[in-house]
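Chemist: Structure file structure02.txt (compact mmCIF, C-alpha atoms) right here:
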# COMPACT_ATOMS: atom_id res chain seq x y z
CA MET P 435 -23.07 -2.76 -15.73
CA ALA P 436 -25.69 -2.02 -18.39
CA GLN P 437 -28.25 -1.23 -15.71
CA LEU P 438 -26.25 1.66 -14.29
CA PRO P 439 -27.53 5.06 -15.45
CA GLN P 440 -25.31 7.58 -17.16
CA LEU P 441 -24.98 9.65 -14.03
CA ASP P 442 -23.11 6.90 -12.24
CA MET P 443 -20.08 7.19 -14.52
CA GLN P 444 -18.80 9.99 -12.33
CA LYS P 445 -19.46 8.01 -9.21
CA MET P 446 -17.67 5.03 -10.69
CA GLN P 447 -14.65 7.18 -11.37
CA MET P 448 -14.72 8.53 -7.84
CA VAL P 449 -14.91 5.01 -6.47
CA GLN P 450 -11.99 4.00 -8.64
CA GLU P 451 -9.88 6.94 -7.49
CA LEU P 452 -10.74 6.14 -3.91
CA GLU P 453 -9.67 2.56 -4.47
CA ILE P 454 -6.33 3.64 -5.92
CA GLU P 455 -5.76 5.97 -3.00
CA MET P 456 -6.63 3.19 -0.58
CA MET P 457 -4.22 0.85 -2.34
CA SER P 458 -1.34 3.27 -2.12
CA ASP P 459 -2.09 3.94 1.53
CA MET P 460 -2.10 0.20 2.16
CA TYR P 461 1.18 -0.12 0.26
CA ASN P 462 2.83 2.55 2.37
CA ARG P 463 1.63 0.97 5.58
CA MET P 464 2.83 -2.44 4.42
CA THR P 465 6.25 -1.02 3.56
CA GLN P 466 6.50 0.57 6.99
CA ALA P 467 5.37 -2.56 8.79
CA CYS P 468 7.69 -4.92 6.92
CA HIS P 469 10.63 -2.57 7.29
CA LYS P 470 10.07 -2.44 11.01
CA LYS P 471 9.72 -6.21 11.30
CA CYS P 472 12.46 -7.33 8.91
CA ILE P 473 15.25 -4.76 8.84
CA PRO P 474 17.13 -4.41 12.13
CA PRO P 475 18.28 -0.84 12.73
CA LYS P 476 21.95 -1.66 12.26
CA TYR P 477 23.29 -0.32 9.02
CA LYS P 478 26.75 -1.81 8.67
CA ASP P 479 25.98 -2.83 5.12
CA ALA P 480 23.96 -1.18 2.38
CA GLU P 481 22.91 -4.51 0.88
CA LEU P 482 19.83 -6.45 1.84
CA GLY P 483 20.90 -9.60 3.62
CA LYS P 484 19.56 -12.98 2.62
CA GLY P 485 17.56 -13.35 5.80
CA GLU P 486 16.19 -9.85 5.42
CA SER P 487 15.13 -10.51 1.83
CA VAL P 488 13.35 -13.72 2.71
CA CYS P 489 11.71 -12.02 5.65
CA LEU P 490 10.47 -9.22 3.38
CA ASP P 491 9.02 -11.66 0.85
CA ARG P 492 7.14 -13.52 3.54
CA CYS P 493 6.08 -10.34 5.26
CA ILE P 494 4.53 -8.99 2.05
CA ALA P 495 2.78 -12.25 1.23
CA LYS P 496 1.37 -12.42 4.74
CA TYR P 497 0.36 -8.80 4.84
CA LEU P 498 -1.57 -9.08 1.58
CA ASP P 499 -3.12 -12.33 2.73
CA ILE P 500 -4.34 -10.74 5.95
CA HIS P 501 -5.53 -7.71 4.04
CA GLU P 502 -7.69 -9.94 1.89
CA ARG P 503 -9.02 -11.99 4.78
CA ILE P 504 -9.98 -8.93 6.79
CA GLY P 505 -11.63 -7.40 3.73
CA LYS P 506 -13.75 -10.50 3.20
CA LYS P 507 -14.79 -10.68 6.84
CA LEU P 508 -15.51 -6.97 6.95
CA THR P 509 -17.78 -7.03 3.88
CA GLN P 510 -19.52 -10.07 5.26
CA MET P 511 -20.12 -8.37 8.58
CA SER P 512 -21.29 -5.10 7.08
CA MET P 513 -23.68 -7.00 4.82
CA GLN P 514 -25.11 -8.77 7.85
CA ASP P 515 -25.44 -5.41 9.55
CA GLU P 516 -27.28 -3.96 6.59
CA ASP P 517 -29.65 -6.89 6.52
CA PHE P 518 -30.31 -6.44 10.20
CA VAL P 519 -31.03 -2.73 9.84
CA LYS P 520 -33.36 -3.39 6.91
CA ARG P 521 -35.27 -5.99 8.88
CA MET P 522 -35.55 -3.67 11.86
CA GLN P 523 -36.89 -0.89 9.67
CA GLY P 524 -39.29 -3.28 7.97
CA GLY P 525 -40.61 -4.45 11.33
CA GLU P 526 -41.08 -1.07 12.97
CA GLN P 527 -41.95 1.57 10.45
CA PRO P 528 -42.72 4.56 12.70
CA LYS P 529 -39.12 4.63 13.96
CA SER P 530 -36.87 6.61 11.64
CA MET E 971 -6.37 21.58 -21.74
CA ASN E 972 -6.48 18.22 -23.52
CA PRO E 973 -7.01 15.18 -21.32
CA PRO E 974 -3.68 13.37 -21.89
CA MET E 975 -1.70 16.47 -20.92
CA SER E 976 -3.63 17.08 -17.73
CA SER E 977 -3.43 13.45 -16.63
CA ASP E 978 0.31 13.51 -17.34
CA ASP E 979 0.65 16.62 -15.22
CA GLY E 980 -1.32 14.92 -12.49
CA ASP E 981 0.97 11.91 -12.65
CA GLN E 982 4.03 14.10 -12.45
CA MET E 983 2.69 16.01 -9.49
CA ARG E 984 1.79 12.74 -7.83
CA SER E 985 5.23 11.23 -8.28
CA PHE E 986 6.86 14.46 -7.09
CA LYS E 987 4.67 14.38 -4.01
CA ASP E 988 5.60 10.74 -3.46
CA PHE E 989 9.26 11.62 -3.79
CA LEU E 990 9.03 14.40 -1.20
CA ALA E 991 7.09 12.20 1.18
CA SER E 992 9.64 9.37 0.95
CA TYR E 993 12.47 11.91 1.36
CA ASN E 994 11.02 13.13 4.64
CA LYS E 995 10.27 9.65 5.86
CA LEU E 996 13.77 8.46 5.03
CA SER E 997 15.35 11.38 6.85
CA GLU E 998 13.33 10.70 9.95
CA LEU E 999 13.92 6.96 9.88
CA CYS E 1000 17.66 7.06 9.28
CA PHE E 1001 18.18 9.88 11.75
CA ASN E 1002 16.36 7.92 14.43
CA ASP E 1003 18.26 4.71 13.69
CA CYS E 1004 21.74 6.16 13.22
CA ILE E 1005 22.24 9.31 15.26
CA PHE E 1006 22.73 8.82 18.98
CA ASP E 1007 25.68 10.99 19.93
CA PHE E 1008 24.77 14.55 20.87
CA THR E 1009 28.04 15.43 22.56
CA THR E 1010 29.28 17.00 19.36
CA ARG E 1011 27.71 19.21 16.75
CA SER E 1012 29.29 17.53 13.72
CA VAL E 1013 28.12 14.32 12.09
CA LYS E 1014 30.62 11.55 12.81
CA PRO E 1015 31.92 9.39 9.92
CA THR E 1016 30.21 6.31 11.36
CA GLU E 1017 26.94 8.19 11.58
CA ASP E 1018 27.34 9.43 8.04
CA GLN E 1019 28.05 5.92 6.76
CA CYS E 1020 25.16 4.51 8.75
CA SER E 1021 22.67 6.99 7.33
CA LEU E 1022 23.86 6.42 3.79
CA ASN E 1023 23.63 2.65 4.25
CA CYS E 1024 20.23 3.10 5.80
CA MET E 1025 19.02 5.03 2.77
CA GLU E 1026 20.46 2.62 0.24
CA LYS E 1027 19.05 -0.38 2.03
CA TYR E 1028 15.65 1.25 2.25
CA MET E 1029 15.65 1.90 -1.49
CA LYS E 1030 16.56 -1.69 -2.19
CA MET E 1031 13.88 -2.87 0.17
CA ASN E 1032 11.37 -0.65 -1.62
CA GLN E 1033 12.39 -2.12 -4.95
CA ARG E 1034 11.89 -5.64 -3.69
CA ILE E 1035 8.54 -4.84 -2.11
CA SER E 1036 7.20 -3.21 -5.26
CA GLN E 1037 8.35 -6.18 -7.31
CA ARG E 1038 6.59 -8.63 -5.02
CA PHE E 1039 3.52 -6.44 -4.91
CA GLN E 1040 3.34 -6.33 -8.69
CA GLU E 1041 3.64 -10.09 -8.88
CA TYR E 1042 0.84 -10.45 -6.38
CA GLN E 1043 -1.36 -8.01 -8.27
CA MET E 1044 -0.74 -9.79 -11.53
CA ILE E 1045 -1.82 -13.08 -10.04
CA ALA E 1046 -4.89 -11.47 -8.49
CA ASN E 1047 -5.78 -9.87 -11.83
CA GLU E 1048 -5.45 -13.15 -13.66
CA GLY E 1049 -7.74 -14.76 -11.13
CA ALA E 1050 -10.32 -11.99 -11.53
CA ILE E 1051 -10.21 -12.23 -15.33
CA ALA E 1052 -10.57 -16.00 -15.20
CA ALA E 1053 -13.54 -15.67 -12.85
CA ALA E 1054 -15.17 -13.08 -15.11
CA GLN E 1055 -14.66 -15.28 -18.14
CA LYS E 1056 -16.17 -18.21 -16.32
CA LEU E 1057 -19.18 -16.10 -15.39
CA SER E 1058 -19.73 -14.63 -18.85
CA GLY E 1059 -19.15 -18.03 -20.40
CA SER E 1060 -21.71 -19.78 -18.22
CA VAL E 1061 -24.46 -17.14 -18.36
CA PRO E 1062 -25.51 -17.39 -22.04
CA ARG E 1063 -25.60 -21.13 -22.10
The structure given in the file should be rewritten as structure tokens.
Modeler:
Amino acid sequence: MAQLPQLDMQKMQMVQELEIEMMSDMYNRMTQACHKKCIPPKYKDAELGKGESVCLDRCIAKYLDIHERIGKKLTQMSMQDEDFVKRMQGGEQPKS
Amino acid sequence: MNPPMSSDDGDQMRSFKDFLASYNKLSELCFNDCIFDFTTRSVKPTEDQCSLNCMEKYMKMNQRISQRFQEYQMIANEGAIAAAQKLSGSVPR
């Protein structure tokens, strides 16, 4: 944190805003997905049924779980990729 | 002009935008799930009831989802804080 120069404050803010936007996008997608999977399109009753409620709870827990898992794997893979690219560039300098 | 005002305005605009977006989405969803009869121009009572139920149920579902999401975030935050404390606690020693 202390190492970051003053200029990066703006960048940090941009990253934060991007993160918030990403979160809300994820939230909307999750809502859509869990609605589709848990609420049958028969609207005899305006109340959430017990089965529907339980389904929603599980759906959300699972969605967030998967979100986290994929994020971890993705960062891991992109880090490997970066390493690979760096090594390639280190080995063959004339190529740009 | 002053920062709190402008951020408040931004928040208001954001929530208004969210409201409009959910309005459109709800209309589309409930229309698709409830309206099947195109032999008459008027909305039948069953269709009307179905769309209203659809809307109400969706709102309740949204409430539940946001509650669960908040719980999840709180737990995640606690974990992050605990990890940070562990780190900062172990570094000086």
Chemist: To one decimal place, how far is CA of Ala1054 (chain E) from CA of Met446 (chain P) in Å?
Modeler: 18.8 Å
Chemist: Select all residues from chain P having any atom no more than 7 Å from an atom of chain E (counting only C-alpha atoms, ignoring ligands), output as a VMD selection string.
Modeler: chain P and resid 475 477 to 482
Chemist: Can you measure CA of Val488 (chain P) to CA of Gly1049 (chain E) for me? One decimal in Å is fine.
Modeler: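 If I compute the distance from CA of Val488 (chain P) to CA of Gly1049 (chain E), I get 25.2 Å.
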Chemist: As an exercise, work out the distance from CA of Met460 (chain P) to CA of Ile494 (chain P) in Å and give it to one decimal place.
Modeler: 11.3 Å
